[in-house]
>>> print(open('coords-v4.cif').read())   # mmCIF, C-alpha atoms
data_data
#
loop_
_atom_site.label_atom_id
_atom_site.label_comp_id
_atom_site.auth_asym_id
_atom_site.auth_seq_id
_atom_site.Cartn_x
_atom_site.Cartn_y
_atom_site.Cartn_z
CA MET A 1 -10.91 -4.94 -22.57
CA VAL A 2 -11.07 -2.64 -19.57
CA PRO A 3 -10.57 1.12 -19.90
CA THR A 4 -7.40 2.20 -18.11
CA ALA A 5 -9.46 4.89 -16.40
CA TYR A 6 -11.30 2.18 -14.43
CA TYR A 7 -8.04 0.94 -12.94
CA LEU A 8 -7.15 4.51 -12.01
CA ILE A 9 -10.57 5.04 -10.40
CA LEU A 10 -10.15 1.83 -8.41
CA ALA A 11 -6.79 3.17 -7.24
CA ALA A 12 -8.48 6.48 -6.33
CA VAL A 13 -11.11 4.60 -4.28
CA LEU A 14 -8.42 2.68 -2.38
CA PHE A 15 -6.36 5.84 -1.85
CA SER A 16 -9.37 7.77 -0.49
CA ILE A 17 -10.26 4.93 1.88
CA GLY A 18 -6.62 4.98 2.99
CA ILE A 19 -6.80 8.73 3.69
CA ALA A 20 -10.06 8.32 5.62
CA ALA A 21 -8.60 5.45 7.68
CA PHE A 22 -5.42 7.48 8.30
CA LEU A 23 -7.46 10.40 9.68
CA ILE A 24 -10.11 8.44 11.58
CA LYS A 25 -8.16 5.63 13.20
CA ARG A 26 -6.69 6.27 16.65
CA ASN A 27 -4.45 3.23 16.90
CA VAL A 28 -0.91 3.92 15.70
CA ILE A 29 -0.54 0.47 14.11
CA THR A 30 -3.79 0.87 12.15
CA ILE A 31 -2.63 4.29 10.95
CA PHE A 32 0.55 2.63 9.71
CA ILE A 33 -1.54 -0.04 7.96
CA SER A 34 -3.56 2.65 6.17
CA ILE A 35 -0.31 4.21 4.92
CA GLU A 36 0.51 0.84 3.36
CA LEU A 37 -2.95 0.84 1.74
CA MET A 38 -2.24 4.25 0.19
CA LEU A 39 1.15 3.04 -1.10
CA ASN A 40 -0.60 0.07 -2.72
CA ALA A 41 -3.15 2.32 -4.40
CA VAL A 42 -0.36 4.45 -5.89
CA ASN A 43 1.41 1.28 -7.05
CA LEU A 44 -1.74 0.30 -8.96
CA THR A 45 -1.70 3.62 -10.83
CA PHE A 46 1.97 3.09 -11.68
CA VAL A 47 1.26 -0.37 -13.12
CA ALA A 48 -1.78 0.90 -15.04
CA PHE A 49 0.23 3.73 -16.61
CA ALA A 50 3.15 1.39 -17.38
CA HIS A 51 0.68 -0.85 -19.19
CA MET A 52 -0.81 2.09 -21.04
CA TRP A 53 2.52 3.44 -22.31
CA HIS A 54 3.99 -0.05 -22.96
CA ARG A 55 7.03 0.76 -20.84
CA VAL A 56 8.47 -1.20 -17.93
CA SER A 57 9.75 1.93 -16.14
CA GLY A 58 6.54 2.20 -14.15
CA GLN A 59 6.86 -1.39 -12.99
CA ILE A 60 10.44 -0.75 -11.89
CA PHE A 61 9.23 2.27 -9.93
CA VAL A 62 6.74 -0.01 -8.17
CA PHE A 63 9.62 -2.37 -7.38
CA PHE A 64 11.53 0.46 -5.70
CA VAL A 65 8.38 1.57 -3.84
CA MET A 66 8.07 -1.98 -2.49
CA VAL A 67 11.70 -1.94 -1.31
CA VAL A 68 11.27 1.40 0.42
CA ALA A 69 7.96 0.25 1.96
CA ALA A 70 9.68 -2.81 3.40
CA ALA A 71 12.42 -0.65 4.93
CA GLU A 72 9.83 1.83 6.20
CA ALA A 73 7.74 -0.94 7.80
CA ALA A 74 10.77 -2.33 9.64
CA VAL A 75 11.86 1.06 11.01
CA GLY A 76 8.30 2.26 11.73
CA LEU A 77 7.33 -0.85 13.65
CA ALA A 78 10.56 -0.61 15.66
CA ILE A 79 9.61 3.00 16.54
CA ILE A 80 6.11 1.81 17.54
CA ILE A 81 7.63 -0.86 19.80
CA SER A 82 9.89 1.67 21.52
CA ILE A 83 6.98 4.14 21.93
CA PHE A 84 4.88 1.39 23.47
CA ARG A 85 7.69 0.57 25.89
CA ALA A 86 7.94 4.18 27.02
CA ARG A 87 4.23 5.15 27.12
CA LYS A 88 2.37 1.82 27.50
CA THR A 89 -0.23 2.92 24.97
CA LEU A 90 -0.89 2.75 21.23
CA ASN A 91 -3.45 5.57 21.15
CA VAL A 92 -2.17 8.52 19.12
CA ASP A 93 -4.06 11.00 21.30
CA GLU A 94 -1.94 10.01 24.27
CA ILE A 95 1.39 10.06 22.41
CA ASP A 96 2.12 13.79 22.77
CA LEU A 97 5.81 13.92 23.65
CA MET A 98 6.43 16.85 21.29
CA HIS A 99 3.24 18.71 22.24
CA SER A 100 4.10 20.88 25.22
CA MET B 1 -12.39 -12.16 -19.27
CA GLN B 2 -10.32 -9.21 -18.14
CA LEU B 3 -13.47 -7.27 -17.31
CA ALA B 4 -14.71 -10.15 -15.14
CA LEU B 5 -11.34 -10.35 -13.37
CA PHE B 6 -11.31 -6.59 -12.87
CA ILE B 7 -14.86 -6.51 -11.45
CA ILE B 8 -14.39 -9.49 -9.11
CA PHE B 9 -11.03 -8.48 -7.70
CA GLY B 10 -11.77 -4.75 -7.75
CA ILE B 11 -14.86 -5.33 -5.61
CA LEU B 12 -12.84 -7.65 -3.36
CA ALA B 13 -10.14 -4.97 -2.94
CA VAL B 14 -12.66 -2.23 -2.14
CA ALA B 15 -14.52 -4.52 0.28
CA GLY B 16 -11.24 -5.36 2.03
CA ALA B 17 -10.33 -1.67 2.27
CA LEU B 18 -13.76 -0.76 3.69
CA ASN B 19 -13.45 -3.61 6.19
CA LEU B 20 -10.04 -2.18 7.18
CA LEU B 21 -11.74 1.17 7.79
CA PHE B 22 -14.64 -0.16 9.86
CA GLN B 23 -12.97 -2.85 11.98
CA ARG B 24 -11.97 -1.73 15.45
CA HIS B 25 -9.36 -4.37 16.22
CA PRO B 26 -5.95 -3.86 14.51
CA ILE B 27 -5.53 -7.56 13.69
CA ASN B 28 -8.75 -7.48 11.64
CA SER B 29 -7.49 -4.40 9.80
CA ALA B 30 -4.18 -6.12 9.06
CA LEU B 31 -5.88 -9.23 7.69
CA SER B 32 -8.21 -7.09 5.52
CA LEU B 33 -5.12 -5.43 4.09
CA VAL B 34 -3.84 -8.88 3.11
CA VAL B 35 -7.08 -9.38 1.12
CA VAL B 36 -6.55 -6.01 -0.62
CA MET B 37 -2.95 -6.88 -1.48
CA MET B 38 -3.82 -10.31 -2.89
CA SER B 39 -6.55 -8.82 -5.11
CA LEU B 40 -4.13 -6.13 -6.27
CA ALA B 41 -1.67 -8.89 -7.19
CA VAL B 42 -4.30 -10.40 -9.52
CA LEU B 43 -4.93 -6.96 -11.02
CA TYR B 44 -1.17 -6.48 -11.60
CA TRP B 45 -1.10 -9.83 -13.36
CA SER B 46 -4.02 -8.82 -15.57
CA LEU B 47 -2.08 -5.65 -16.48
CA GLY B 48 0.89 -7.70 -17.69
CA ALA B 49 3.11 -7.23 -14.64
CA GLU B 50 3.74 -10.85 -13.65
CA PHE B 51 6.92 -10.12 -11.72
CA LEU B 52 5.20 -7.46 -9.63
CA ALA B 53 2.24 -9.77 -8.98
CA ALA B 54 4.62 -12.36 -7.53
CA ALA B 55 6.58 -9.71 -5.63
CA GLN B 56 3.34 -8.26 -4.24
CA VAL B 57 2.35 -11.64 -2.80
CA ILE B 58 5.83 -12.48 -1.49
CA VAL B 59 7.02 -9.09 -0.23
CA TYR B 60 3.82 -7.29 0.77
CA SER B 61 1.35 -9.93 1.88
CA GLY B 62 4.18 -12.28 2.89
CA ALA B 63 6.92 -10.30 4.58
CA ILE B 64 5.49 -6.91 5.49
CA MET B 65 2.11 -8.11 6.76
CA VAL B 66 3.72 -10.88 8.81
CA LEU B 67 5.80 -8.15 10.45
CA PHE B 68 2.63 -6.14 11.17
CA VAL B 69 0.74 -9.13 12.60
CA PHE B 70 3.80 -10.06 14.66
CA VAL B 71 4.02 -6.56 16.18
CA ILE B 72 0.25 -6.46 16.86
CA MET B 73 0.52 -9.75 18.73
CA LEU B 74 3.74 -8.72 20.49
CA LEU B 75 2.21 -5.50 21.82
CA ASN B 76 -1.09 -7.27 22.60
CA ALA B 77 -3.01 -4.43 20.93
CA GLY B 78 -6.67 -4.38 21.90
CA GLU B 79 -9.66 -2.62 20.40
CA GLU B 80 -9.19 1.09 19.96
CA GLU B 81 -11.36 3.36 22.03
CA ARG B 82 -13.12 6.43 20.71
CA THR B 83 -11.82 9.72 22.07
CA HIS B 84 -12.67 13.38 21.58
CA GLY B 85 -9.99 13.51 18.91
CA SER B 86 -11.78 10.91 16.83
CA ARG B 87 -14.96 13.01 16.50
CA ALA B 88 -12.99 15.87 14.92
CA ALA B 89 -11.23 13.32 12.74
CA TYR B 90 -14.59 11.98 11.54
CA SER B 91 -15.88 15.42 10.62
CA VAL B 92 -12.71 16.25 8.69
CA GLY B 93 -11.65 12.84 7.43
CA ILE B 94 -14.77 11.61 5.64
CA PRO B 95 -15.47 14.83 3.63
CA GLY B 96 -11.77 15.31 2.87
CA ALA B 97 -11.34 11.79 1.55
CA ALA B 98 -14.59 12.10 -0.44
CA ALA B 99 -13.38 15.39 -1.95
CA ILE B 100 -10.05 13.87 -3.01
CA PHE B 101 -11.88 10.88 -4.50
CA CYS B 102 -14.25 13.14 -6.45
CA LEU B 103 -11.37 15.23 -7.80
CA LEU B 104 -9.34 12.18 -8.89
CA SER B 105 -12.26 10.36 -10.52
CA PHE B 106 -13.34 13.58 -12.28
CA VAL B 107 -9.88 13.92 -13.83
CA PHE B 108 -9.69 10.24 -14.79
CA LEU B 109 -13.18 10.13 -16.32
CA LYS B 110 -12.57 13.38 -18.20
CA GLU B 111 -9.39 11.97 -19.75
CA ARG B 112 -10.94 8.55 -20.23
CA GLY B 113 -10.64 8.62 -24.01
CA ALA B 114 -6.99 9.62 -23.95
CA LEU B 115 -6.13 6.90 -21.43
CA GLY B 116 -7.31 4.13 -23.76
CA VAL B 117 -8.16 0.53 -22.96
CA SER B 118 -5.99 -2.24 -21.58
CA ASN B 119 -5.88 -5.79 -22.88
CA ILE B 120 -4.99 -8.78 -20.78
CA GLY B 121 -1.30 -9.64 -20.84
CA GLY B 122 -0.38 -6.25 -22.22
CA ASP B 123 2.24 -5.87 -24.91
CA LEU B 124 3.81 -9.25 -24.33
CA SER B 125 2.66 -10.88 -27.54
CA ASN B 126 6.11 -10.68 -29.13
CA ALA B 127 7.48 -13.61 -27.11
CA THR B 128 9.34 -11.59 -24.51
CA ASP B 129 8.36 -12.02 -20.93
CA ASN B 130 7.87 -9.36 -18.35
CA ILE B 131 10.63 -10.56 -16.01
CA ALA B 132 13.21 -10.37 -18.81
CA GLN B 133 12.16 -6.82 -19.64
CA VAL B 134 12.20 -5.70 -16.01
CA SER B 135 15.52 -7.33 -15.19
CA GLU B 136 17.21 -6.00 -18.33
CA MET B 137 16.20 -2.47 -17.37
CA LEU B 138 17.03 -3.00 -13.70
CA PHE B 139 20.48 -4.50 -14.19
CA THR B 140 21.70 -2.23 -16.99
CA LYS B 141 20.30 1.28 -16.86
CA LEU B 142 19.24 1.29 -13.21
CA LEU B 143 22.08 -0.70 -11.67
CA LEU B 144 23.24 2.10 -9.37
CA PRO B 145 19.78 2.77 -7.83
CA PHE B 146 19.35 -0.98 -7.42
CA GLU B 147 22.61 -1.25 -5.48
CA VAL B 148 21.75 1.84 -3.43
CA THR B 149 18.51 0.17 -2.29
CA SER B 150 20.54 -2.67 -0.81
CA VAL B 151 22.42 -0.12 1.31
CA LEU B 152 19.04 1.39 2.26
CA ILE B 153 17.77 -1.99 3.41
CA LEU B 154 20.96 -2.56 5.42
CA ILE B 155 20.57 0.83 7.16
CA ALA B 156 16.88 0.07 7.82
CA ILE B 157 17.82 -3.24 9.47
CA LEU B 158 20.41 -1.51 11.65
CA GLY B 159 17.92 1.24 12.54
CA ALA B 160 15.22 -1.27 13.45
CA VAL B 161 17.60 -3.21 15.67
CA VAL B 162 18.83 -0.05 17.41
CA LEU B 163 15.31 1.36 17.91
CA ALA B 164 13.72 -1.84 19.19
CA ARG B 165 16.60 -2.71 21.52
CA LYS B 166 15.94 -2.62 25.23
CA GLU B 167 17.82 0.22 26.91
CA HIS B 168 19.80 -0.54 30.03
#
>>> encode(input="coords-v4.cif", output="structure tokens")
Amino acid sequence: MVPTAYYLILAAVLFSIGIAAFLIKRNVITIFISIELMLNAVNLTFVAFAHMWHRVSGQIFVFFVMVVAAAEAAVGLAIIISIFRARKTLNVDEIDLMHS
Amino acid sequence: MQLALFIIFGILAVAGALNLLFQRHPINSALSLVVVMMSLAVLYWSLGAEFLAAAQVIVYSGAIMVLFVFVIMLLNAGEEERTHGSRAAYSVGIPGAAAIFCLLSFVFLKERGALGVSNIGGDLSNATDNIAQVSEMLFTKLLLPFEVTSVLILIAILGAVVLARKEH
């Protein structure tokens, strides 16, 4: 017997750590990893609410989030590879093609 | 039993996430994320989502993280260096994340009574399993979105190949 609120608070903790990592990290791959952490935290809230309402719709939403995350990871990592080829760096401070 | 599972794997997930935040080398962050995803799979199972627990292990910590680790090794990513941008990020990032956490946990604790409690295994006592429920919904009512995701995956594969290709 665990209150559903505890699951949601755990998801909030993971989401906040994901936001902090997204803002603090300077490596573009680590920033991408923290986006995945935030997606996982949101998935946990979906599963907790699906459990609470006794519906499977929330679980199916998580399934679609997983599919989109897989597609996003493939495209995003391909973009990172092509950026690294052009700029020879992974530091986001030095990737400023659209800046000036 | 569910409380013990929740405490053990919740602490493991938070510890993995904090390790992700504090490690400097991207490969350590990626492996910490695998720890977080595996603990979340156990939590999904305890919430009665067996299919998602399996899919979490196979798709997330299997496929996606292997892709991440592969790219980190391919690009030979080293430790990140601190720059002037990271000091501003520290002064904005930590309070901002703390504020969002406080807001979310305030809302959840305020509505704690309305959210109720969760029992292990969920509503599956009436001899139907979770995979049957999910697949019935997915292949009847949501057949069109399911088929559209296959097109999405195909386009993502093509996009990844085009983007990562060497230009001549």
>>> residues_around(input="coords-v4.cif", residues="B:Leu52", least_positions_apart="3", cutoff="8 Å", atoms="all atoms listed in the file", output="number ranges by chain")
A: 59, 62-63; B: 41, 44-45, 49, 55-56
>>> axis_aligned_box(input="coords-v4.cif", around="stretch 41-59 of chain A", padding_each_side="6 Å", output="AutoDock Vina command-line options")
--center_x 3.3 --center_y 1.5 --center_z -13.7 --size_x 24.9 --size_y 17.8 --size_z 30.6
>>> residues_around(input="coords-v4.cif", residues="A:Ala12", least_positions_apart="2", cutoff="9 Å", atoms="all atoms listed in the file", output="list in words")
Tyr7, Leu8, Ile9, Leu10, Leu14, Phe15, Ser16, Ile17, Ala41, Val42 and Thr45 of chain A; Ile100, Phe101, Cys102, Leu104 and Ser105 of chain B
>>> resolve_selection(input="coords-v4.cif", expression="the PyMOL selection byres ((chain B and resi 130-142) around 8)", output="list of chain:residue names")
A:Val56, A:Ser57, A:Gln59, A:Ile60, B:Gly48, B:Ala49, B:Glu50, B:Phe51, B:Leu124, B:Thr128, B:Asp129, B:Leu143, B:Leu144, B:Pro145, B:Phe146
>>> closest_residue(input="coords-v4.cif", among="A:Leu97, A:Ile33, A:Val2, A:Ile19", to="B:Ala99", atoms="all atoms listed in the file")
A:Ile19
>>> closest_atom_pairs(input="coords-v4.cif", of="chain B", to="chain A", cutoff="6 Å", atoms="only C-alpha atoms", output="Markdown table")
| residue | atom | partner | partner_atom | distance |
| --- | --- | --- | --- | --- |
| B:Leu3 | CA | A:Val2 | CA | 5.7 |
| B:Leu21 | CA | A:Ala21 | CA | 5.3 |
| B:Pro26 | CA | A:Thr30 | CA | 5.7 |
| B:Ala89 | CA | A:Ile24 | CA | 5.1 |
| B:Tyr90 | CA | A:Ile24 | CA | 5.7 |
| B:Gly93 | CA | A:Ala20 | CA | 5.1 |
| B:Ile94 | CA | A:Ala20 | CA | 5.7 |
| B:Ala97 | CA | A:Ser16 | CA | 4.9 |
| B:Phe101 | CA | A:Ser16 | CA | 5.7 |
| B:Ser105 | CA | A:Ile9 | CA | 5.6 |
| B:Phe108 | CA | A:Ala5 | CA | 5.6 |
| B:Arg112 | CA | A:Ala5 | CA | 5.5 |
| B:Leu115 | CA | A:Thr4 | CA | 5.9 |
| B:Gly116 | CA | A:Pro3 | CA | 5.9 |
| B:Val117 | CA | A:Pro3 | CA | 3.9 |
| B:Ser118 | CA | A:Val2 | CA | 5.5 |
| B:Asn119 | CA | A:Met1 | CA | 5.1 |
| B:Ile153 | CA | A:Ala71 | CA | 5.7 |
| B:Ala156 | CA | A:Ala71 | CA | 5.4 |
| B:Ala160 | CA | A:Val75 | CA | 4.8 |
| B:Leu163 | CA | A:Ala78 | CA | 5.6 |
| B:Ala164 | CA | A:Ala78 | CA | 4.9 |
>>> atom_distance(input="coords-v4.cif", atom1="atom CA of B:Gly16", atom2="atom CA of B:Met38")
10.2 Å
>>> closest_residue(input="coords-v4.cif", among="B:Ser61, B:Leu154, B:Ala17, B:Gln23", to="B:Met37", atoms="all atoms listed in the file")
B:Ser61
>>> atom_distance(input="coords-v4.cif", atom1="atom CA of B:Leu43", atom2="atom CA of B:Val14")
12.7 Å
>>> residues_around(input="coords-v4.cif", residues="B:Ser32", least_positions_apart="3", cutoff="6 Å", atoms="only C-alpha atoms", output="ChimeraX atom specification")
/B:16,20,29,35
>>> atom_distance(input="coords-v4.cif", atom1="atom CA of A:Phe61", atom2="atom CA of B:Met65")
20.9 Å
>>> closest_residue(input="coords-v4.cif", among="B:Val161, B:Leu109, B:Leu12, B:Leu40", to="A:Leu39", atoms="all atoms listed in the file")
B:Leu40
>>> build_atoms(input="coords-v4.cif", residues="stretch 91-113 of chain B", atoms="N, CA and C atoms", output="short mmCIF file (atom, residue, chain, number, x, y, z; two decimals), in the coordinates of the input")
data_model
loop_
_atom_site.label_atom_id
_atom_site.label_comp_id
_atom_site.auth_asym_id
_atom_site.auth_seq_id
_atom_site.Cartn_x
_atom_site.Cartn_y
_atom_site.Cartn_z
N SER B 91 -15.27 14.32 11.34
CA SER B 91 -15.88 15.42 10.62
C SER B 91 -14.95 15.98 9.57
N VAL B 92 -13.63 15.78 9.71
CA VAL B 92 -12.71 16.25 8.69
C VAL B 92 -12.36 15.14 7.72
N GLY B 93 -12.19 13.93 8.24
CA GLY B 93 -11.65 12.84 7.43
C GLY B 93 -12.57 12.38 6.33
N ILE B 94 -13.85 12.15 6.65
CA ILE B 94 -14.77 11.61 5.64
C ILE B 94 -14.97 12.60 4.48
N PRO B 95 -15.31 13.91 4.77
CA PRO B 95 -15.47 14.83 3.63
C PRO B 95 -14.18 15.06 2.86
N GLY B 96 -13.03 15.10 3.57
CA GLY B 96 -11.77 15.31 2.87
C GLY B 96 -11.45 14.19 1.93
N ALA B 97 -11.61 12.94 2.41
CA ALA B 97 -11.34 11.79 1.55
C ALA B 97 -12.31 11.75 0.38
N ALA B 98 -13.60 12.09 0.64
CA ALA B 98 -14.59 12.10 -0.44
C ALA B 98 -14.23 13.15 -1.48
N ALA B 99 -13.75 14.33 -1.02
CA ALA B 99 -13.38 15.39 -1.95
C ALA B 99 -12.22 14.95 -2.82
N ILE B 100 -11.22 14.32 -2.22
CA ILE B 100 -10.05 13.87 -3.01
C ILE B 100 -10.48 12.81 -4.02
N PHE B 101 -11.38 11.90 -3.57
CA PHE B 101 -11.88 10.88 -4.50
C PHE B 101 -12.62 11.50 -5.67
N CYS B 102 -13.49 12.49 -5.37
CA CYS B 102 -14.25 13.14 -6.45
C CYS B 102 -13.33 13.83 -7.44
N LEU B 103 -12.31 14.52 -6.91
CA LEU B 103 -11.37 15.23 -7.80
C LEU B 103 -10.64 14.24 -8.70
N LEU B 104 -10.11 13.15 -8.11
CA LEU B 104 -9.34 12.18 -8.89
C LEU B 104 -10.21 11.51 -9.95
N SER B 105 -11.43 11.09 -9.55
CA SER B 105 -12.26 10.36 -10.52
C SER B 105 -12.78 11.31 -11.60
N PHE B 106 -12.96 12.60 -11.25
CA PHE B 106 -13.34 13.58 -12.28
C PHE B 106 -12.25 13.68 -13.33
N VAL B 107 -11.00 13.79 -12.88
CA VAL B 107 -9.88 13.92 -13.83
C VAL B 107 -9.78 12.67 -14.69
N PHE B 108 -9.87 11.49 -14.04
CA PHE B 108 -9.69 10.24 -14.79
C PHE B 108 -10.81 10.03 -15.80
N LEU B 109 -12.07 10.35 -15.39
CA LEU B 109 -13.18 10.13 -16.32
C LEU B 109 -13.16 11.15 -17.45
N LYS B 110 -12.65 12.36 -17.16
CA LYS B 110 -12.57 13.38 -18.20
C LYS B 110 -11.56 12.97 -19.26
N GLU B 111 -10.44 12.38 -18.82
CA GLU B 111 -9.39 11.97 -19.75
C GLU B 111 -9.54 10.51 -20.15
N ARG B 112 -10.74 9.98 -20.01
CA ARG B 112 -10.94 8.55 -20.23
C ARG B 112 -10.57 8.12 -21.65
N GLY B 113 -10.94 8.96 -22.63
CA GLY B 113 -10.64 8.62 -24.01
C GLY B 113 -9.15 8.59 -24.28
#
